[in-house]
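Trainee: Before I ask anything, let me first share the structure, which is written out below as structure tokens.
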Amino acid sequence: MIMAENKSVQIESLGLPRSIHLVPMDYVDGFTVRPGFYEINGATAIPGGVNFTVYSHGASSIELLLFHREEDEPFAVLPFPKHYRIGNVYSMIVFRLNIEEFEYAYRVDGPYEPEKGLIFNRNKYLLDPYARAVTGQSQWGATSPSGQHYKARVVKDDFDWGNMKQPLLPMEDLIIYELHVRGFTKDVSSGVADKHRGTFAGLMEKLPYLLELGVNVVELMPIFEFDEMQDYREVNGEKLCNYWGYNTVSFFSPNTSYSANTEYNREGNELKHLIQVFNKHGIEVYLDVVFNHTAEGNENGPFFSFKGFDNNIYYMLTPDGKYYNFSGCGNSLNCNHPIVRQMILDCLRYWVTTYRVNGFRFDLASILGRDEDGSPMNEPPLLETLAFDPILGDVKLIAEAWDAGGLYQVGSFPAWNRWAEWNGKYRDDVRSYLKGDEGCAQAAAQRIVGSRDIYEVHSRENASVNFITCHDGFTLYDLFSYNEKHNEKNGWGNTDGAGNNYSWNCGAEGETDDPAVNTLRRRMMRNAFAILMCSRGIPMFLAGDEFCNTQFGNNNAYCQDNLISWLDWNRLQENQDMFSFFRYMIRFRKAHRVLRINVSDGALGFPDVSFHGVHPWTEQFSGHEHYVGVLFAGREKEKEADIVYLASNAYWKELTVCLPSLPQHMSWQIEADTWEEQINVRPLESGTFVIRPRSVAVLRGVRK
């Protein structure tokens with residue numbers, strides 16, 4: 001019941017401080033209320049009460065539902081008084097609410113015309129699109145009781161950041177390490193405290209390991225609240241879930257099952273502490289964000305938030321009210337509608353200001369550049385807005401520059417010289433070259449020098465995120481252990497996952513006792529990582545590659561919450577030599593700025609970069625060529641000239657290589673040779689050396 005008489009309620013009788021400036025004005029369902037702060041979306045604790053602000057373009061009325069903790073039916077229903085609505089925004093302060101004693105949701109009424117995309121249903125309990133925490137999700141893998149709805153909590157923003165300074169690493173200095181929060185430490189072999197396994201706290205325990213390895217960015221696969229039990233199945237006794245988390249339930253809420261401790265009304269503090277400590281040690285934290293679709297799916301999917309507020313605004317709809325599906329997941333968020341565009345901007349600003357996130361990787365980012373009818377835009381308003389937003393000014397923006405609708409924009413993603421891209425061409429071209437495919441040397445050479453053939457056309461700097469492996473596909477170990485994907489355990493008859501992986505099993509499919517095959521596989525892994533660390537652009541690799549982690553040939557482990565996806569840290573002990581090589585090459589990259597960026601017009605008469613065949617200054621990149629030599633040269637002010645030569649032989653025979661001549665006061669030194677299992681730095685007696693079959697050598701010009 002609403003009692004709205006436009007007169008102030010006596011604050012003395014409510015037990016509120018006399019000094020309070022927000023005076024109650026009305027009664028609604030037994031609660032004293034007043035109009036709220038219309039520009040503050042979501043639910044926000046204020047002195048004396050809670051401010052609730054929500055909007056809908058098409059709604060005729062909205063009700064606020066209050067629940068006791070973990071109960072499924074509301075103890076109070078508060079309709080927003082009509083005069084509390086301004087434009088399409090409903091805002092109300094409810095006094096004398098203790099945020100630790102309630103959860104909330106909404107009911108929204110409006111027209112039902114599915115052919116126009118209007119599907120309002122006042123019987124649905126709806127999750128606040130700006131919810132800062134979602135209830136009922138804290139225990140991983142627990143099925144929700146029948147009839148339970150998503151509800152939200154009000155979160156205290158009282159985390160003490162102190163005088164923390166962010167690393168603000170230059171783009172060219174980044175070394176990105178992609179990981180899944182749960183899978184990184186869930187297995188008992190991780191060695192973290194049992195309570196911390198699979199959580200942000202578990203990742204915190206691995207900070208010394210990350211520092212030893214040398215990476216300076218961790219990119220977390222989705223940590224926005226998602227429902228891992230969506231599409232839950234059992235296949236041959238195995239429980240399959242939505243393990244990766246690319247099905248967002250709430251964009252503003254952290255996944256509470258990733259917290260080791262219950263954080264009632266302080267959800268996210270464990271993640272904030274992680275970011276604070278990592279930043280203190282020079283490691284930036286990026287989030288893999290999924291704005292291309294939501295967990296509501298298509299017309300057959302669940303109905304818990306956006307569908308009930310403004311289905312025809314939040315989603316791209318066909319003329320008959322169906323869902324466009326450029327994501328492959330049932331729906332596509334209508335990112336360039338002004339309302340959705342503002343929500344995405346608000347969301348990113350929130351994660352930057354409240355969590356101090358250092359960067360974002362945008363899943364299927366080409367959808368973010370589509371118009372409301374799905375057509376690609378030349379200058380998408382959302383991408384431009386994010387590129388120039390002042391709060392996001394120091395934040396790294398990385399696009400997965402394609403989508404499931406066939407739009408592939410590597411090299412042409414609308415960037416304003418601000419967005420970087422996952423360079424899928426780097427992955428494919430380097431993989432093909434490494435396994436010895438014909439006609440790949442020219443492309444591989446271009447990828448090694450920063451894909452200038454792709455990015456210099458658009459005058460883009462630091463645009464290429466180079467990777468050979470990521471969560472989506474084979475691990476590095478599997479890349480050289482399997483010719484074919486082995487996704488049978490996913491339950492789709494091995495029809496899911498990419499069919500063309502540019503992989504090579506080195507002579508035996510899967511695990512083998514053949515020592516020659518295993519030796520070759522390890523060398524191929526070293527080859528791949530040496531090239532990655534000696535390529536211009538931003539290197540990224542998958543967690544566990546440094547110690548030969550395997551997914552047993554599964555290249556689409558999105559549903560595998562088990563040892564297929566969890567890192568097996570026993571392999572670190574078994575493969576210390578591989579870990580040492582990765583650590584060495586990371587440090588080598590850091591020590592030689594010339595590998596990362598043009599530091600001058602060259603040095604000692606050498607150009608910035610140059611290509612070489614087995615004879616210097618000759619580019620023999622014909623169809624049958626399998627050797628690529630790249631020389632990097634530069635000089636920083638008041639420093640010695642830095643000259644690094646990357647020699648890569650993808651041929652199955654050894655080759656004699658003649659190196660470019662150095663000045664008389666310098667000679668060549670081999671810094672790394674993947675033919676050898678241990679690092680063996682040694683000088684060359686002459687300017688000629690033999691590079692062994694399928695191997696990579698890294699050389700440096702040094703003073704005699």
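All residue names refer to the structure tokens as shown: chains lettered A, B, ... in order, residues numbered from 1 in each chain, ligands numbered from 1 in order.
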Taking only region 26-206 of chain A into account, list the residues labelled alpha helix (DSSP H) by DSSP (computed from the backbone), as a PyMOL selection string.

Mentor: chain A and resi 181-185+200-205

Trainee: Could you write out that same residue set with C-alpha atoms as a PDB file, in the first residue's frame?

Mentor:
ATOM      1  CA  VAL A 181      40.852 -18.798 -11.710  1.00  0.00           C
ATOM      2  CA  ARG A 182      39.346 -22.141 -10.703  1.00  0.00           C
ATOM      3  CA  GLY A 183      41.471 -24.372 -12.900  1.00  0.00           C
ATOM      4  CA  PHE A 184      44.728 -22.709 -11.932  1.00  0.00           C
ATOM      5  CA  THR A 185      44.765 -24.066  -8.373  1.00  0.00           C
ATOM      6  CA  PHE A 200      41.255 -15.797  -5.841  1.00  0.00           C
ATOM      7  CA  ALA A 201      43.033 -16.662  -2.576  1.00  0.00           C
ATOM      8  CA  GLY A 202      44.554 -19.705  -4.270  1.00  0.00           C
ATOM      9  CA  LEU A 203      45.826 -17.526  -7.092  1.00  0.00           C
ATOM     10  CA  MET A 204      47.288 -15.182  -4.463  1.00  0.00           C
ATOM     11  CA  GLU A 205      49.315 -18.074  -3.065  1.00  0.00           C
TER      12      GLU A 205
END

Trainee: Please list as an mmCIF file with C-alpha atoms, in the first residue's frame every residue within 9 Å of region 91-97 of chain A, counting only C-alpha atoms and excluding residues in the same chain fewer than 6 positions away.

Mentor:
data_model
loop_
_atom_site.group_PDB
_atom_site.id
_atom_site.type_symbol
_atom_site.label_atom_id
_atom_site.label_comp_id
_atom_site.auth_asym_id
_atom_site.auth_seq_id
_atom_site.Cartn_x
_atom_site.Cartn_y
_atom_site.Cartn_z
ATOM 1 C CA LEU A 14 11.652 6.729 12.949
ATOM 2 C CA GLY A 15 14.699 6.708 15.177
ATOM 3 C CA LEU A 16 16.761 8.556 12.547
ATOM 4 C CA LEU A 22 17.255 13.142 3.419
ATOM 5 C CA PRO A 24 11.330 10.608 4.523
ATOM 6 C CA VAL A 28 5.100 2.287 1.002
ATOM 7 C CA PHE A 31 8.414 1.478 4.897
ATOM 8 C CA THR A 32 9.238 5.155 4.939
ATOM 9 C CA VAL A 33 10.559 6.300 1.576
ATOM 10 C CA ARG A 34 11.404 9.306 -0.528
ATOM 11 C CA PRO A 35 12.543 9.929 -4.115
ATOM 12 C CA GLY A 36 16.104 8.741 -4.613
ATOM 13 C CA PHE A 37 19.239 9.650 -6.539
ATOM 14 C CA TYR A 38 18.239 9.160 -10.163
ATOM 15 C CA GLU A 39 21.754 9.222 -11.558
ATOM 16 C CA ILE A 40 23.092 6.466 -9.291
ATOM 17 C CA ASN A 41 22.073 3.126 -10.797
ATOM 18 C CA ALA A 45 23.739 2.124 0.957
ATOM 19 C CA ILE A 46 23.404 5.687 2.262
ATOM 20 C CA PRO A 47 23.108 7.081 5.800
ATOM 21 C CA GLY A 48 19.736 6.011 7.082
ATOM 22 C CA GLY A 49 18.738 3.674 4.271
ATOM 23 C CA VAL A 50 19.314 2.339 0.765
ATOM 24 C CA ASN A 51 18.908 4.073 -2.586
ATOM 25 C CA PHE A 52 17.337 1.913 -5.321
ATOM 26 C CA THR A 53 17.504 3.175 -8.903
ATOM 27 C CA VAL A 54 16.414 1.197 -11.943
ATOM 28 C CA TYR A 55 15.210 2.062 -15.428
ATOM 29 C CA PHE A 80 7.613 2.702 -7.010
ATOM 30 C CA PRO A 81 5.128 5.577 -6.622
ATOM 31 C CA TYR A 84 9.022 8.725 -8.175
ATOM 32 C CA ARG A 85 9.515 8.140 -11.878
#

Trainee: Show which residues sit within 7 Å of region 281-285 of chain A, as a list in words. Count only C-alpha atoms, and ignore same-chain residues fewer than 6 positions away.

Mentor: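 Surrounding residues, per the criterion: Pro167, Asn216, Val217, Val218, Glu219, Ile275, Val357, Asn358 and Gly359 of chain A.
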
Trainee: Those same residues - N, CA and C atoms - I'd like them written as a tab-separated table (two decimals), in the first residue's frame.

Mentor:
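Result file again33.tsv:
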chain	number	residue	atom	x	y	z
A	167	PRO	N	50.91	-0.30	-11.83
A	167	PRO	CA	52.16	-0.39	-12.60
A	167	PRO	C	52.18	0.49	-13.84
A	216	ASN	N	54.18	-10.33	-16.40
A	216	ASN	CA	53.79	-9.10	-15.71
A	216	ASN	C	52.32	-8.74	-15.93
A	217	VAL	N	51.56	-9.65	-16.54
A	217	VAL	CA	50.11	-9.50	-16.67
A	217	VAL	C	49.47	-10.87	-16.46
A	218	VAL	N	48.44	-10.92	-15.62
A	218	VAL	CA	47.59	-12.10	-15.60
A	218	VAL	C	46.24	-11.69	-16.18
A	219	GLU	N	45.80	-12.45	-17.16
A	219	GLU	CA	44.50	-12.20	-17.79
A	219	GLU	C	43.55	-13.29	-17.31
A	275	ILE	N	44.20	-7.92	-6.64
A	275	ILE	CA	44.66	-6.89	-7.57
A	275	ILE	C	45.62	-5.94	-6.88
A	357	VAL	N	40.99	-2.49	-11.85
A	357	VAL	CA	41.38	-3.39	-12.94
A	357	VAL	C	42.25	-2.63	-13.94
A	358	ASN	N	43.28	-3.30	-14.44
A	358	ASN	CA	44.26	-2.64	-15.32
A	358	ASN	C	43.97	-2.77	-16.80
A	359	GLY	N	43.12	-3.73	-17.18
A	359	GLY	CA	42.87	-3.92	-18.60
A	359	GLY	C	41.72	-4.89	-18.82

Trainee: Residues within 8 Å of Ser56 (chain A), please, as a CSV table (one decimal) with C-alpha atoms, in the first residue's frame. Count only C-alpha atoms; anything in the same chain fewer than 6 positions from it doesn't count.

Mentor:
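Listing of out15.csv after writing:
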chain,number,residue,atom,x,y,z
A,88,ASN,CA,12.2,6.2,-17.7
A,89,VAL,CA,14.1,6.1,-14.4
A,309,PHE,CA,13.5,-4.8,-18.3
A,310,ASP,CA,13.7,-4.0,-22.0

Trainee: Mind giving me the straight-line distance from CA of Asn336 (chain A) to CA of Ser366 (chain A) in Å, one decimal?

Mentor: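 A separation of 11.7 Å between them.
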
Trainee: Report as number ranges by chain: the residues of region 105-270 of chain A with a DSSP assignment of strand (DSSP E or B), based on the backbone of this structure.

Mentor: A: 105-109, 112-113, 118-119, 126, 134, 152, 176-179, 217-220, 224-226, 233-235, 238-240, 248-254

Trainee: For the selection you just gave me, I'd like the residues written to a file as a compact mmCIF listing (two decimals), in the first residue's frame, keeping N, CA and C atoms.

Mentor:
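Produced file again35.txt, reproduced below:
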# COMPACT_ATOMS: atom_id res chain seq x y z
N ALA A 105 15.12 -7.93 -5.47
CA ALA A 105 14.89 -8.16 -6.90
C ALA A 105 13.79 -7.19 -7.33
N TYR A 106 13.39 -7.28 -8.58
CA TYR A 106 12.34 -6.41 -9.11
C TYR A 106 11.28 -7.23 -9.84
N ARG A 107 10.09 -6.65 -9.94
CA ARG A 107 9.07 -7.11 -10.87
C ARG A 107 8.71 -5.94 -11.77
N VAL A 108 8.58 -6.22 -13.06
CA VAL A 108 8.35 -5.17 -14.04
C VAL A 108 7.13 -5.52 -14.88
N ASP A 109 6.21 -4.60 -14.98
CA ASP A 109 5.01 -4.81 -15.80
C ASP A 109 5.09 -3.94 -17.04
N TYR A 112 2.91 -6.95 -23.63
CA TYR A 112 3.39 -8.26 -24.10
C TYR A 112 3.04 -8.38 -25.58
N GLU A 113 4.03 -8.08 -26.43
CA GLU A 113 3.88 -8.17 -27.88
C GLU A 113 5.16 -8.78 -28.43
N LEU A 118 8.58 -7.18 -27.25
CA LEU A 118 8.11 -6.76 -25.93
C LEU A 118 7.56 -7.97 -25.20
N ILE A 119 8.21 -8.40 -24.13
CA ILE A 119 7.79 -9.62 -23.44
C ILE A 119 7.73 -9.39 -21.93
N LEU A 126 13.13 -10.32 -11.23
CA LEU A 126 14.22 -9.90 -12.11
C LEU A 126 15.43 -9.41 -11.31
N VAL A 134 25.44 -11.08 -6.57
CA VAL A 134 24.31 -11.97 -6.84
C VAL A 134 24.30 -13.07 -5.80
N ALA A 152 19.82 -9.97 -5.59
CA ALA A 152 21.03 -9.16 -5.44
C ALA A 152 21.22 -8.73 -3.99
N ILE A 176 51.68 -11.39 -21.26
CA ILE A 176 50.36 -11.75 -20.74
C ILE A 176 50.29 -13.26 -20.50
N TYR A 177 49.74 -13.61 -19.35
CA TYR A 177 49.60 -14.99 -18.92
C TYR A 177 48.11 -15.24 -18.70
N GLU A 178 47.49 -16.01 -19.59
CA GLU A 178 46.04 -16.23 -19.52
C GLU A 178 45.74 -17.43 -18.62
N LEU A 179 44.81 -17.25 -17.68
CA LEU A 179 44.51 -18.36 -16.77
C LEU A 179 43.04 -18.36 -16.37
N VAL A 217 51.56 -9.65 -16.54
CA VAL A 217 50.11 -9.50 -16.67
C VAL A 217 49.47 -10.87 -16.46
N VAL A 218 48.44 -10.92 -15.62
CA VAL A 218 47.59 -12.10 -15.60
C VAL A 218 46.24 -11.69 -16.18
N GLU A 219 45.80 -12.45 -17.16
CA GLU A 219 44.50 -12.20 -17.79
C GLU A 219 43.55 -13.29 -17.31
N LEU A 220 42.55 -12.90 -16.54
CA LEU A 220 41.63 -13.85 -15.93
C LEU A 220 40.47 -14.13 -16.86
N PHE A 224 33.05 -12.35 -14.05
CA PHE A 224 31.73 -11.81 -13.78
C PHE A 224 30.84 -12.98 -13.35
N GLU A 225 29.82 -12.69 -12.55
CA GLU A 225 28.94 -13.75 -12.08
C GLU A 225 28.33 -14.51 -13.25
N PHE A 226 28.51 -15.82 -13.24
CA PHE A 226 27.91 -16.69 -14.26
C PHE A 226 27.38 -17.94 -13.57
N ARG A 233 25.07 -31.20 -17.74
CA ARG A 233 24.78 -32.52 -18.33
C ARG A 233 25.64 -33.56 -17.64
N GLU A 234 25.23 -34.80 -17.76
CA GLU A 234 26.07 -35.92 -17.36
C GLU A 234 26.28 -36.80 -18.58
N VAL A 235 27.53 -37.04 -18.91
CA VAL A 235 27.89 -37.84 -20.08
C VAL A 235 28.81 -38.95 -19.61
N GLU A 238 30.26 -38.55 -16.27
CA GLU A 238 31.02 -37.33 -16.01
C GLU A 238 30.07 -36.14 -15.95
N LYS A 239 30.26 -35.28 -14.95
CA LYS A 239 29.43 -34.10 -14.79
C LYS A 239 30.03 -32.95 -15.60
N LEU A 240 29.27 -32.46 -16.57
CA LEU A 240 29.73 -31.39 -17.44
C LEU A 240 28.96 -30.11 -17.14
N THR A 248 27.45 -14.64 -19.08
CA THR A 248 27.31 -13.65 -18.02
C THR A 248 25.88 -13.59 -17.48
N VAL A 249 25.79 -13.63 -16.15
CA VAL A 249 24.53 -13.39 -15.45
C VAL A 249 24.43 -11.94 -15.00
N SER A 250 25.55 -11.40 -14.50
CA SER A 250 25.56 -10.03 -14.00
C SER A 250 26.90 -9.38 -14.30
N PHE A 251 26.88 -8.26 -14.99
CA PHE A 251 28.11 -7.62 -15.45
C PHE A 251 28.86 -6.89 -14.34
N PHE A 252 28.16 -6.49 -13.29
CA PHE A 252 28.78 -5.69 -12.23
C PHE A 252 29.18 -6.53 -11.02
N SER A 253 28.94 -7.84 -11.05
CA SER A 253 29.13 -8.69 -9.87
C SER A 253 30.28 -9.67 -10.09
N PRO A 254 31.17 -9.83 -9.11
CA PRO A 254 32.19 -10.87 -9.21
C PRO A 254 31.58 -12.24 -8.94

Trainee: Would you kindly return, as JSON, numbers by chain, each protein, DNA or RNA residue with an atom no farther than 10 Å from any atom of region 652-660 of chain A, considering only C-alpha atoms and excluding same-chain residues fewer than 4 positions away?

Mentor: {"A": [435, 436, 606, 612, 613, 614, 615, 616, 617, 626, 627, 629, 631, 645, 647, 668, 686, 687, 688, 689, 690, 691, 692, 693, 694, 695, 699]}

Trainee: Find the residues around Ala603 (chain A) up to 6 Å (only C-alpha atoms counted), leave out those fewer than 2 positions away in its own chain, and share them as an MDAnalysis selection string.

Mentor: chainID A and resid 605:606 633:635 641

Trainee: For the selection just defined, write its residues with all heavy atoms to a file, as a compact mmCIF listing (two decimals), in the first residue's frame.

Mentor:
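The new file part-v5.txt reads:
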# COMPACT_ATOMS: atom_id res chain seq x y z
N GLY A 605 74.61 1.03 -38.40
CA GLY A 605 74.30 0.91 -39.82
C GLY A 605 73.23 -0.11 -40.16
O GLY A 605 72.82 -0.22 -41.32
N PHE A 606 72.75 -0.88 -39.17
CA PHE A 606 71.70 -1.85 -39.42
C PHE A 606 70.33 -1.17 -39.37
O PHE A 606 70.11 -0.27 -38.55
CB PHE A 606 71.72 -2.97 -38.37
CG PHE A 606 72.92 -3.86 -38.44
CD1 PHE A 606 73.83 -3.90 -37.40
CD2 PHE A 606 73.14 -4.66 -39.55
CE1 PHE A 606 74.94 -4.73 -37.45
CE2 PHE A 606 74.25 -5.49 -39.61
CZ PHE A 606 75.15 -5.52 -38.57
N ALA A 633 67.84 -4.47 -34.54
CA ALA A 633 68.96 -3.61 -34.16
C ALA A 633 68.45 -2.28 -33.65
O ALA A 633 67.48 -1.73 -34.16
CB ALA A 633 69.91 -3.39 -35.34
N GLY A 634 69.10 -1.76 -32.62
CA GLY A 634 68.70 -0.47 -32.08
C GLY A 634 69.68 0.01 -31.04
O GLY A 634 70.56 -0.74 -30.59
N ARG A 635 69.53 1.25 -30.68
CA ARG A 635 70.40 1.82 -29.65
C ARG A 635 69.60 2.85 -28.87
O ARG A 635 69.02 3.78 -29.44
CB ARG A 635 71.62 2.50 -30.27
CG ARG A 635 72.61 3.01 -29.21
CD ARG A 635 73.53 4.08 -29.78
NE ARG A 635 74.33 3.60 -30.90
CZ ARG A 635 75.52 3.00 -30.77
NH1 ARG A 635 76.02 2.80 -29.58
NH2 ARG A 635 76.18 2.60 -31.84
N ALA A 641 74.84 -0.47 -28.46
CA ALA A 641 73.95 -0.96 -29.50
C ALA A 641 73.45 -2.35 -29.12
O ALA A 641 74.19 -3.16 -28.55
CB ALA A 641 74.68 -1.01 -30.83

Trainee: Would you pick out the contacts of Met525 (chain A) at 9 Å or less, using only C-alpha atoms, so that residues sharing its chain but fewer than 5 positions from it are not included, and give the list as a list in words?

Mentor: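 The residues that qualify are Leu476, Tyr477, Leu479, Phe480, Leu520, Ala530, Asp545, Cys548, Met578 and Thr674 of chain A.
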
Trainee: Please write the residues from the selection above to a file, keeping N, CA, C and O atoms, as a PDB file, in the first residue's frame.

Mentor:
ATOM      1  N   LEU A 476      50.013 -25.873 -25.560  1.00  0.00           N
ATOM      2  CA  LEU A 476      51.235 -25.954 -26.361  1.00  0.00           C
ATOM      3  C   LEU A 476      51.731 -27.393 -26.443  1.00  0.00           C
ATOM      4  O   LEU A 476      52.189 -27.846 -27.500  1.00  0.00           O
ATOM      5  N   TYR A 477      51.628 -28.120 -25.356  1.00  0.00           N
ATOM      6  CA  TYR A 477      52.036 -29.533 -25.367  1.00  0.00           C
ATOM      7  C   TYR A 477      51.173 -30.327 -26.344  1.00  0.00           C
ATOM      8  O   TYR A 477      51.682 -31.132 -27.131  1.00  0.00           O
ATOM      9  N   LEU A 479      49.559 -29.208 -28.869  1.00  0.00           N
ATOM     10  CA  LEU A 479      49.742 -28.736 -30.243  1.00  0.00           C
ATOM     11  C   LEU A 479      50.736 -29.607 -30.996  1.00  0.00           C
ATOM     12  O   LEU A 479      50.613 -29.799 -32.213  1.00  0.00           O
ATOM     13  N   PHE A 480      51.711 -30.159 -30.264  1.00  0.00           N
ATOM     14  CA  PHE A 480      52.719 -31.003 -30.894  1.00  0.00           C
ATOM     15  C   PHE A 480      52.584 -32.473 -30.480  1.00  0.00           C
ATOM     16  O   PHE A 480      53.533 -33.249 -30.615  1.00  0.00           O
ATOM     17  N   LEU A 520      61.522 -34.552 -29.846  1.00  0.00           N
ATOM     18  CA  LEU A 520      61.116 -33.595 -30.875  1.00  0.00           C
ATOM     19  C   LEU A 520      59.996 -32.691 -30.365  1.00  0.00           C
ATOM     20  O   LEU A 520      60.002 -31.480 -30.608  1.00  0.00           O
ATOM     21  N   ALA A 530      60.384 -19.569 -28.089  1.00  0.00           N
ATOM     22  CA  ALA A 530      61.492 -18.685 -28.459  1.00  0.00           C
ATOM     23  C   ALA A 530      61.046 -17.680 -29.509  1.00  0.00           C
ATOM     24  O   ALA A 530      61.367 -16.485 -29.423  1.00  0.00           O
ATOM     25  N   ASP A 545      51.473 -23.893 -20.028  1.00  0.00           N
ATOM     26  CA  ASP A 545      52.334 -24.209 -21.173  1.00  0.00           C
ATOM     27  C   ASP A 545      53.786 -24.329 -20.750  1.00  0.00           C
ATOM     28  O   ASP A 545      54.561 -25.096 -21.340  1.00  0.00           O
ATOM     29  N   CYS A 548      54.371 -27.972 -19.726  1.00  0.00           N
ATOM     30  CA  CYS A 548      53.831 -29.047 -20.572  1.00  0.00           C
ATOM     31  C   CYS A 548      52.463 -29.537 -20.108  1.00  0.00           C
ATOM     32  O   CYS A 548      52.157 -30.741 -20.164  1.00  0.00           O
ATOM     33  N   MET A 578      61.735 -27.312 -18.980  1.00  0.00           N
ATOM     34  CA  MET A 578      60.882 -26.483 -19.823  1.00  0.00           C
ATOM     35  C   MET A 578      60.545 -25.182 -19.107  1.00  0.00           C
ATOM     36  O   MET A 578      60.587 -24.101 -19.705  1.00  0.00           O
ATOM     37  N   THR A 674      67.485 -24.102 -29.179  1.00  0.00           N
ATOM     38  CA  THR A 674      66.441 -25.050 -28.761  1.00  0.00           C
ATOM     39  C   THR A 674      66.808 -26.498 -29.036  1.00  0.00           C
ATOM     40  O   THR A 674      66.124 -27.412 -28.562  1.00  0.00           O
TER      41      THR A 674
END

Trainee: Name the closest residue to Gly491 (chain A) among the candidates A:Ile670, A:Met25, A:Ala387, A:Cys241; distances are taken between atoms, counting only C-alpha atoms.

Mentor: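 Between A:Ile670, A:Met25, A:Ala387, A:Cys241, the residue approaching Gly491 (chain A) most closely is A:Cys241.
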
Trainee: Just how far from CA of Ala399 (chain A) is CA of Phe413 (chain A), in Å to one decimal?

Mentor: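 Between CA of Phe413 (chain A) and CA of Ala399 (chain A) the gap works out to 8.2 Å.
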
Trainee: Between A:Asp453, A:Asp173, A:Asp428, A:Glu488, which one has atoms that come closest to Gln560 (chain A), using only C-alpha atoms?

Mentor: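 Checking each candidate against Gln560 (chain A), we get A:Glu488 as the closest.
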
Trainee: Just checking: using only C-alpha atoms, which residue out of A:Arg132, A:Lys124, A:Arg583, A:Arg571 ends up closest to Tyr209 (chain A)?

Mentor: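 For Tyr209 (chain A), the nearest of the given residues is A:Arg583.
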
Trainee: For CA of Arg361 (chain A) and CA of Ile468 (chain A), quote the distance in Å rounded to one decimal.

Mentor: 16.6 Å

Trainee: Which is closer to Met316 (chain A) than all the others in A:Gln551, A:Lys116, A:Trp492, A:Gly411, using only C-alpha atoms?

Mentor: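 When distances to Met316 (chain A) are compared using only C-alpha atoms, the smallest one comes from A:Lys116.
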
Trainee: With only C-alpha atoms as the basis for distance, which of A:Phe362, A:Phe541, A:Trp419, A:Tyr315 is at the shortest distance from Phe388 (chain A)?

Mentor: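 When distances to Phe388 (chain A) are compared using only C-alpha atoms, the smallest one comes from A:Trp419.
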